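Visitor: input_4.tsv (TSV, C-alpha atoms) pasted underneath:
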chain	number	residue	atom	x	y	z
F	453	MET	CA	27.61	143.84	117.75
F	454	HIS	CA	25.75	146.07	115.28
F	455	ALA	CA	27.39	149.19	116.68
F	456	ARG	CA	30.82	147.59	116.26
F	457	LYS	CA	29.98	146.54	112.68
F	458	SER	CA	28.76	150.05	111.87
F	459	ALA	CA	31.87	151.64	113.35
F	460	MET	CA	34.06	149.32	111.27
F	461	LYS	CA	32.20	150.29	108.10
F	462	VAL	CA	32.57	154.00	108.83
F	463	ALA	CA	36.29	153.49	109.55
F	464	THR	CA	36.67	151.59	106.29
F	465	ILE	CA	35.05	154.44	104.36
F	466	ALA	CA	37.31	157.01	106.04
F	467	ALA	CA	40.37	154.92	105.21
F	468	ALA	CA	39.22	154.61	101.60
F	469	PHE	CA	38.87	158.39	101.30
F	470	ALA	CA	42.36	158.89	102.72
F	471	ALA	CA	43.87	156.31	100.38
F	472	LEU	CA	42.19	157.83	97.35
F	473	SER	CA	43.44	161.29	98.27
F	474	ALA	CA	47.02	160.07	98.66
F	475	ALA	CA	47.17	157.66	95.71
F	476	PRO	CA	48.41	158.79	92.29
F	477	VAL	CA	45.84	158.81	89.51
F	478	LEU	CA	46.69	156.11	86.99
F	479	ALA	CA	44.76	155.94	83.72
F	480	GLY	CA	42.99	152.60	83.48
F	481	GLY	CA	44.35	151.51	86.84
F	482	ALA	CA	41.19	151.80	88.93
F	483	TRP	CA	39.80	148.38	88.03
F	484	ASP	CA	43.15	146.66	88.56
F	485	GLU	CA	43.26	148.10	92.10
F	486	VAL	CA	39.66	147.12	92.85
F	487	LYS	CA	40.03	143.63	91.40
F	488	GLY	CA	43.16	142.94	93.38
F	489	SER	CA	41.77	144.21	96.68
F	490	VAL	CA	38.37	142.51	96.37
F	491	TYR	CA	39.03	139.33	94.41
F	492	GLY	CA	42.76	138.77	94.78
F	493	LYS	CA	44.02	136.30	92.20
F	494	ARG	CA	40.63	134.69	91.53
F	495	ALA	CA	39.82	134.35	87.84
F	496	ILE	CA	36.93	136.44	86.54
F	497	GLU	CA	35.40	135.18	83.30
F	498	ASP	CA	33.62	137.13	80.59
F	499	GLY	CA	29.97	137.21	81.65
F	500	HIS	CA	28.39	137.84	78.26
F	501	GLY	CA	25.75	135.19	77.64
F	502	ILE	CA	25.19	134.87	81.39
F	503	VAL	CA	24.77	138.48	82.56
F	504	THR	CA	23.20	141.51	80.89
F	505	LEU	CA	24.01	144.91	82.38
F	506	SER	CA	21.83	147.96	81.74
F	507	ALA	CA	23.09	151.48	82.42
F	508	PRO	CA	22.47	154.85	80.76
F	509	TYR	CA	25.45	155.99	78.68
F	510	ARG	CA	24.91	159.63	79.71
F	511	PRO	CA	22.60	159.77	82.77
F	512	GLU	CA	20.18	162.60	83.38
F	513	ASP	CA	21.15	162.77	87.07
F	514	MET	CA	24.45	161.44	88.40
F	515	ARG	CA	22.91	161.30	91.89
F	516	ALA	CA	20.50	158.51	90.91
F	517	VAL	CA	21.80	156.40	88.04
F	518	PRO	CA	19.81	153.18	87.47
F	519	LEU	CA	22.07	150.15	87.10
F	520	GLY	CA	20.36	146.86	86.36
F	521	ILE	CA	21.32	143.24	85.72
F	522	ASP	CA	19.59	140.18	84.38
F	523	ALA	CA	21.54	137.00	85.05
F	524	ALA	CA	20.76	133.35	84.31
F	525	LEU	CA	22.54	130.02	84.74
F	526	SER	CA	21.21	126.99	82.87
F	527	ASP	CA	23.51	124.18	84.06
F	528	GLY	CA	22.17	123.45	87.55
F	529	ARG	CA	24.26	126.05	89.35
F	530	THR	CA	22.65	128.93	91.22
F	531	ILE	CA	23.58	132.59	91.73
F	532	LYS	CA	25.25	133.18	95.07
F	533	THR	CA	26.08	136.90	94.96
F	534	VAL	CA	25.68	139.91	92.67
F	535	SER	CA	28.15	142.78	93.12
F	536	PHE	CA	27.81	146.23	91.56
F	537	ILE	CA	31.10	148.08	91.07
F	538	ILE	CA	31.73	151.68	89.95
F	539	ASP	CA	35.46	151.97	89.28
F	540	GLU	CA	35.90	155.70	89.90
F	541	ASN	CA	33.65	156.07	92.96
F	542	PRO	CA	35.26	156.75	96.35
F	543	THR	CA	34.08	153.30	97.45
F	544	PRO	CA	34.02	151.28	94.19
F	545	VAL	CA	32.12	148.23	95.47
F	546	VAL	CA	28.78	149.99	95.78
F	547	ALA	CA	26.53	147.03	96.69
F	548	VAL	CA	26.80	143.28	97.23
F	549	PHE	CA	23.60	141.23	97.03
F	550	HIS	CA	23.63	137.86	98.78
F	551	MET	CA	20.87	135.92	97.04
F	552	GLY	CA	18.58	133.42	98.77
F	553	GLY	CA	16.17	130.87	97.44
F	554	ALA	CA	18.55	128.89	95.20
F	555	ARG	CA	18.07	131.23	92.26
F	556	GLU	CA	19.10	130.19	88.75
F	557	GLN	CA	17.87	133.55	87.43
F	558	VAL	CA	18.10	136.99	89.05
F	559	SER	CA	16.96	140.43	87.97
F	560	LEU	CA	17.95	143.57	89.91
F	561	LYS	CA	17.91	147.33	89.34
F	562	VAL	CA	19.28	149.88	91.82
F	563	ASN	CA	19.75	153.66	91.80
F	564	PHE	CA	23.36	154.64	92.57
F	565	ARG	CA	25.42	157.80	92.85
F	566	VAL	CA	28.05	157.80	90.09
F	567	ASP	CA	30.68	160.34	91.12
F	568	ARG	CA	32.32	160.90	87.72
F	569	GLN	CA	32.77	159.26	84.33
F	570	SER	CA	33.45	155.60	85.06
F	571	ASP	CA	33.19	152.03	83.96
F	572	VAL	CA	30.43	150.30	85.89
F	573	ARG	CA	30.47	146.54	86.42
F	574	ALA	CA	28.37	143.64	87.59
F	575	VAL	CA	30.14	140.58	88.96
F	576	ILE	CA	28.14	137.40	89.47
F	577	GLU	CA	29.38	134.63	91.75
F	578	ALA	CA	27.93	131.19	90.99
F	579	SER	CA	27.32	128.51	93.60
F	580	ASP	CA	30.54	126.74	92.56
F	581	GLY	CA	32.56	129.90	93.23
F	582	LYS	CA	33.16	130.92	89.61
F	583	LEU	CA	32.97	134.64	88.83
F	584	TYR	CA	31.49	136.29	85.72
F	585	MET	CA	31.68	139.99	84.85
F	586	VAL	CA	30.22	142.48	82.39
F	587	SER	CA	30.97	146.21	82.22
F	588	GLN	CA	29.86	149.43	80.55
F	589	LEU	CA	31.05	153.03	80.42
F	590	VAL	CA	28.90	155.73	82.01
F	591	LYS	CA	29.73	159.27	80.89
F	592	PHE	CA	29.65	162.25	83.25
F	593	ALA	CA	26.48	164.28	82.76
F	594	GLY	CA	27.94	167.50	84.15
F	595	GLY	CA	27.28	169.43	87.34
F	596	GLN	CA	28.53	168.70	90.85
F	597	SER	CA	30.07	165.34	91.70
F	598	SER	CA	27.27	163.20	93.09
F	599	CYS	CA	29.02	162.08	96.27
F	600	SER	CA	29.58	165.68	97.39
F	601	ALA	CA	26.09	166.88	96.38
F	602	PRO	CA	23.82	167.62	99.36
F	603	PRO	CA	20.49	165.79	99.78
F	604	THR	CA	17.52	167.49	98.16
F	605	GLY	CA	14.53	168.57	100.25
F	606	ASP	CA	13.84	170.12	103.62
F	607	PRO	CA	16.17	168.67	106.32
F	608	ALA	CA	13.35	168.49	108.90
F	609	GLU	CA	11.13	166.58	106.46
F	610	ILE	CA	13.98	164.25	105.53
F	611	ALA	CA	14.56	163.47	109.22
F	612	ALA	CA	10.85	162.95	109.89
F	613	ASN	CA	10.49	160.47	107.00
F	614	MET	CA	13.69	158.53	107.60
F	615	GLY	CA	13.15	154.79	107.55
F	616	LYS	CA	9.71	154.85	105.93
F	617	MET	CA	9.31	152.05	103.41
F	618	LYS	CA	7.09	151.27	100.47
F	619	PHE	CA	6.78	148.18	98.27
F	620	GLU	CA	5.28	148.38	94.79
F	621	ALA	CA	4.26	145.18	93.01
F	622	LEU	CA	5.20	145.47	89.34
F	623	ALA	CA	4.41	142.18	87.59
F	624	SER	CA	4.14	138.42	87.96
F	625	ALA	CA	4.89	135.66	85.50
F	626	THR	CA	5.07	131.87	85.48
F	627	ALA	CA	8.52	130.44	84.79
F	628	ALA	CA	9.55	126.79	85.02
F	629	GLY	CA	6.54	125.94	87.17
F	630	SER	CA	7.09	128.81	89.60
F	631	VAL	CA	5.42	132.17	90.00
F	632	VAL	CA	8.01	134.94	89.72
F	633	THR	CA	6.99	138.29	91.19
F	634	ARG	CA	8.70	141.56	90.42
F	635	GLY	CA	8.54	144.57	92.72
F	636	ARG	CA	10.22	147.78	93.80
F	637	LEU	CA	11.32	148.60	97.34
F	638	LEU	CA	11.62	152.28	98.28
F	639	LEU	CA	13.32	153.45	101.48
F	640	SER	CA	13.33	157.05	102.73
F	641	HIS	CA	16.88	157.85	103.82
F	642	PRO	CA	19.36	160.64	102.93
F	643	ASN	CA	22.29	158.20	102.76
F	644	HIS	CA	24.83	160.83	103.79
F	645	THR	CA	28.19	160.24	102.11
F	646	GLY	CA	30.40	162.14	104.55
F	647	MET	CA	31.59	164.31	101.65
F	648	VAL	CA	29.01	167.12	101.81
F	649	LEU	CA	30.17	170.44	103.24
F	650	ASP	CA	27.58	172.24	105.37
F	651	GLN	CA	27.67	175.84	104.13
F	652	GLN	CA	26.65	177.21	107.53
F	653	THR	CA	28.93	175.27	109.86
F	654	LEU	CA	31.70	174.67	107.29
F	655	LEU	CA	31.87	171.10	108.62
F	656	TYR	CA	31.27	167.92	106.69
F	657	THR	CA	27.99	166.15	107.38
F	658	PRO	CA	28.96	162.82	109.00
F	659	VAL	CA	28.51	159.54	107.15
F	660	LYS	CA	25.07	158.08	107.74
F	661	MET	CA	24.57	155.44	105.10
F	662	VAL	CA	22.25	152.49	104.61
F	663	SER	CA	24.51	149.57	105.47
F	664	ASP	CA	22.21	146.54	105.20
F	665	ILE	CA	18.80	145.68	103.78
F	666	ASP	CA	17.32	142.24	104.39
F	667	VAL	CA	14.29	141.04	102.40
F	668	ARG	CA	12.47	137.81	103.26
F	669	GLN	CA	9.28	136.06	102.28
F	670	GLY	CA	8.27	134.03	105.28
F	671	ASP	CA	11.39	132.37	106.67
F	672	GLU	CA	13.15	132.34	103.30
F	673	GLU	CA	15.77	134.90	102.35
F	674	VAL	CA	15.10	136.75	99.09
F	675	PHE	CA	18.31	138.72	99.38
F	676	LYS	CA	20.48	140.60	101.82
F	677	VAL	CA	22.38	143.58	100.41
F	678	GLU	CA	25.40	145.34	101.86
F	679	GLY	CA	25.08	149.01	100.92
F	680	SER	CA	27.47	151.92	100.66
F	681	ILE	CA	27.59	155.71	100.32
F	682	ALA	CA	26.79	155.17	96.62
F	683	PHE	CA	23.17	154.27	97.29
F	684	SER	CA	21.13	157.22	96.05
F	685	GLN	CA	19.18	159.39	98.42
F	686	ASN	CA	15.98	157.43	99.14
F	687	PRO	CA	17.35	154.13	97.79
F	688	GLN	CA	15.26	152.16	95.32
F	689	ILE	CA	15.75	148.45	94.61
F	690	GLU	CA	13.77	146.68	91.91
F	691	PHE	CA	13.97	142.89	92.11
F	692	ASP	CA	12.27	139.65	91.22
F	693	MET	CA	11.66	136.61	93.42
F	694	LYS	CA	10.24	133.11	93.20
F	695	ARG	CA	7.04	132.95	95.22
F	696	ASN	CA	7.16	130.34	97.99
F	697	GLY	CA	3.57	130.62	99.24
F	698	ALA	CA	4.27	133.15	102.00
F	699	SER	CA	1.71	135.94	102.21
F	700	ASP	CA	4.05	138.72	103.40
F	701	LEU	CA	7.34	140.28	102.43
F	702	GLN	CA	9.40	141.29	105.46
F	703	VAL	CA	12.04	144.01	105.11
F	704	THR	CA	14.63	145.18	107.65
F	705	ALA	CA	17.00	148.08	106.97
F	706	GLN	CA	19.92	149.35	109.05
F	707	ASP	CA	22.23	152.33	108.78
F	708	THR	CA	25.67	153.11	110.17
F	709	ASP	CA	24.24	155.48	112.78
F	710	GLY	CA	22.41	152.65	114.55
F	711	GLY	CA	19.03	153.18	112.92
F	712	THR	CA	16.93	150.06	112.31
F	713	TRP	CA	13.58	149.96	110.52
F	714	SER	CA	11.23	147.15	109.57
F	715	GLY	CA	8.27	146.80	107.26
F	716	LYS	CA	5.84	144.06	106.27
F	717	PHE	CA	4.08	144.09	102.91
F	718	PRO	CA	1.38	141.72	101.61
F	719	VAL	CA	2.31	139.93	98.40
F	720	GLY	CA	-0.79	137.74	98.13
F	721	PRO	CA	-1.10	133.97	97.77
F	722	GLN	CA	0.93	132.12	95.15
F	723	SER	CA	-1.16	131.29	92.11
Please express the file's structure as structure tokens.
Guide:
Amino acid sequence: MHARKSAMKVATIAAAFAALSAAPVLAGGAWDEVKGSVYGKRAIEDGHGIVTLSAPYRPEDMRAVPLGIDAALSDGRTIKTVSFIIDENPTPVVAVFHMGGAREQVSLKVNFRVDRQSDVRAVIEASDGKLYMVSQLVKFAGGQSSCSAPPTGDPAEIAANMGKMKFEALASATAAGSVVTRGRLLLSHPNHTGMVLDQQTLLYTPVKMVSDIDVRQGDEEVFKVEGSIAFSQNPQIEFDMKRNGASDLQVTAQDTDGGTWSGKFPVGPQS
């Protein structure tokens, strides 16, 4: 089943590349195309007052641009999904987070490849199905397009470290009677885009991207994220979670080449 799912994702990426190559470039039309293909005719409301999006206006490195959101609902609804979208990327929907734990508030920050100057967006889906969006322009910092830039580092070392994980606890705070912990997950993985030309073989390095990351505390889902070629090399995800008393954080990551890795990290007793 996983192999079939991975093959479908790779085929989808290849089809997206072909469509982008054949399609005419229309100024301002990228979002209309993405919105129609992903959300159809569903209404998307202005998310200001519900969602705050953070993104550098002119990033230092287009290969690892930190995009972050802070979202909060105060009317009893919870946050079902958080989607990050980069209009001008080869695959515009760069990550979809499926949130667990009946969260009224969510904070996330992820490093993404931004291929060129583009509007970046965060779309929040509430538990009643309503959608809220905020957006911001990210300017191109110069240099090679990030999706066609090769991974940095020694290939043998990259292969040897693939799948290694690390969790860094950042802070804890008490909110509405719950302990909220913030941390950063780091995963060693080149996240090959399929768009990098090997200068020796003159062939493109095949797609080998992080497709899914599942984070749980005990039996409870913190989030499950569907990734894409836009994850940076060695993806980093900063997130918060309500503590539920479990002593460990369990992480499982998969890529489109069939790789699966797991890690368990102590998060300490709830206090």
Visitor: Select, from F:Met614, F:Ser680, F:Pro603, F:Ala578, the residue with the minimum atom-to-atom distance to Asp650 (chain F), counting all atoms listed in the file.
Guide: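 Using all atoms listed in the file, Asp650 (chain F) sits closest to F:Pro603.
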Visitor: Could you tell me which of F:Leu639, F:Ala608, F:Leu519, F:Ile681 comes closest to Val703 (chain F) if we count only C-alpha atoms?
Guide: F:Leu639
Visitor: Could you check how far CA of Pro542 (chain F) sits from CA of Gln651 (chain F), in Å to one decimal?
Guide: 22.0 Å
Visitor: Interatomic distance between CA of Leu525 (chain F) and CA of Ala495 (chain F)?
Guide: 18.1 Å
Visitor: I'd like to know which of F:Arg494, F:Val486, F:Val562, F:Gly552 is closest to Ser506 (chain F), using all atoms listed in the file.
Guide: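 Looking at the shortest contact to Ser506 (chain F), the residue is F:Val562.
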Visitor: So, with all atoms listed in the file as the atoms that count, which of F:Gly528, F:Pro511, F:Pro642, F:Gly615 lies closest to Ser684 (chain F)?
Guide: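 Closest to Ser684 (chain F), using all atoms listed in the file: F:Pro642.
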Visitor: How many Å separate CA of Phe717 (chain F) from CA of Gln702 (chain F)?
Guide: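 Pair CA of Phe717 (chain F) / CA of Gln702 (chain F) returns 6.5 Å.
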Visitor: Please list as a VMD selection string every residue within 9 Å of Val632 (chain F), counting all atoms listed in the file and excluding residues in the same chain fewer than 2 positions away.
Guide: chain F and resid 623 to 627 630 634 692 to 695
Visitor: Using all atoms listed in the file, can you list as a short mmCIF file (atom, residue, chain, number, x, y, z; two decimals) with C-alpha atoms, in the coordinates of the input the residues within 9 Å of (26.4, 137.1, 92.7)?
Guide:
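Below you can see out_14.cif, which holds the result:
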data_model
loop_
_atom_site.label_atom_id
_atom_site.label_comp_id
_atom_site.auth_asym_id
_atom_site.auth_seq_id
_atom_site.Cartn_x
_atom_site.Cartn_y
_atom_site.Cartn_z
CA ILE F 531 23.58 132.59 91.73
CA LYS F 532 25.25 133.18 95.07
CA THR F 533 26.08 136.90 94.96
CA VAL F 534 25.68 139.91 92.67
CA SER F 535 28.15 142.78 93.12
CA VAL F 548 26.80 143.28 97.23
CA PHE F 549 23.60 141.23 97.03
CA HIS F 550 23.63 137.86 98.78
CA MET F 551 20.87 135.92 97.04
CA ALA F 574 28.37 143.64 87.59
CA VAL F 575 30.14 140.58 88.96
CA ILE F 576 28.14 137.40 89.47
CA GLU F 577 29.38 134.63 91.75
CA ALA F 578 27.93 131.19 90.99
CA SER F 579 27.32 128.51 93.60
CA LEU F 583 32.97 134.64 88.83
CA TYR F 584 31.49 136.29 85.72
#
Visitor: Which residues, written as a list in words, have at least one atom at most 10 Å from Ser663 (chain F), with all atoms listed in the file counted and residues fewer than 2 positions away on the same chain left out?
Guide: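 Residues meeting the cut-off are Lys457, Ser458, Lys461, Val462, Ala547, Asn643, Lys660, Met661, Ile665, Val677, Glu678, Gly679, Ser680, Ile681, Phe683, Ala705, Gln706, Asp707, Thr708, Asp709, Gly710 and Gly711 of chain F.
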Visitor: Could you please give me, as a VMD selection string, the residues of protein, DNA or RNA lying at most 8 Å from (26.5, 165.4, 90.1) in the coordinate frame of the file, considering all atoms listed in the file?
Guide: chain F and resid 513 to 515 566 to 568 593 to 601
Visitor: Output C-alpha atoms for every residue in the selection just made, as a short mmCIF file (atom, residue, chain, number, x, y, z; two decimals), in the frame of the given file.
Guide:
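Wrote selection-v4.cif, looks like this:
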data_model
loop_
_atom_site.label_atom_id
_atom_site.label_comp_id
_atom_site.auth_asym_id
_atom_site.auth_seq_id
_atom_site.Cartn_x
_atom_site.Cartn_y
_atom_site.Cartn_z
CA ASP F 513 21.15 162.77 87.07
CA MET F 514 24.45 161.44 88.40
CA ARG F 515 22.91 161.30 91.89
CA VAL F 566 28.05 157.80 90.09
CA ASP F 567 30.68 160.34 91.12
CA ARG F 568 32.32 160.90 87.72
CA ALA F 593 26.48 164.28 82.76
CA GLY F 594 27.94 167.50 84.15
CA GLY F 595 27.28 169.43 87.34
CA GLN F 596 28.53 168.70 90.85
CA SER F 597 30.07 165.34 91.70
CA SER F 598 27.27 163.20 93.09
CA CYS F 599 29.02 162.08 96.27
CA SER F 600 29.58 165.68 97.39
CA ALA F 601 26.09 166.88 96.38
#
Visitor: Which of these residues is nearest to Glu609 (chain F), using all atoms listed in the file: F:Gln588, F:Gly520, F:His641, F:Arg668?
Guide: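 Going through F:Gln588, F:Gly520, F:His641, F:Arg668 one by one, the smallest distance to Glu609 (chain F) is for F:His641.
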Visitor: When you count all atoms listed in the file, which of these residues is closest to Phe675 (chain F): F:Ser489, F:Ser640, F:Thr704, F:Thr657?
Guide: F:Thr704
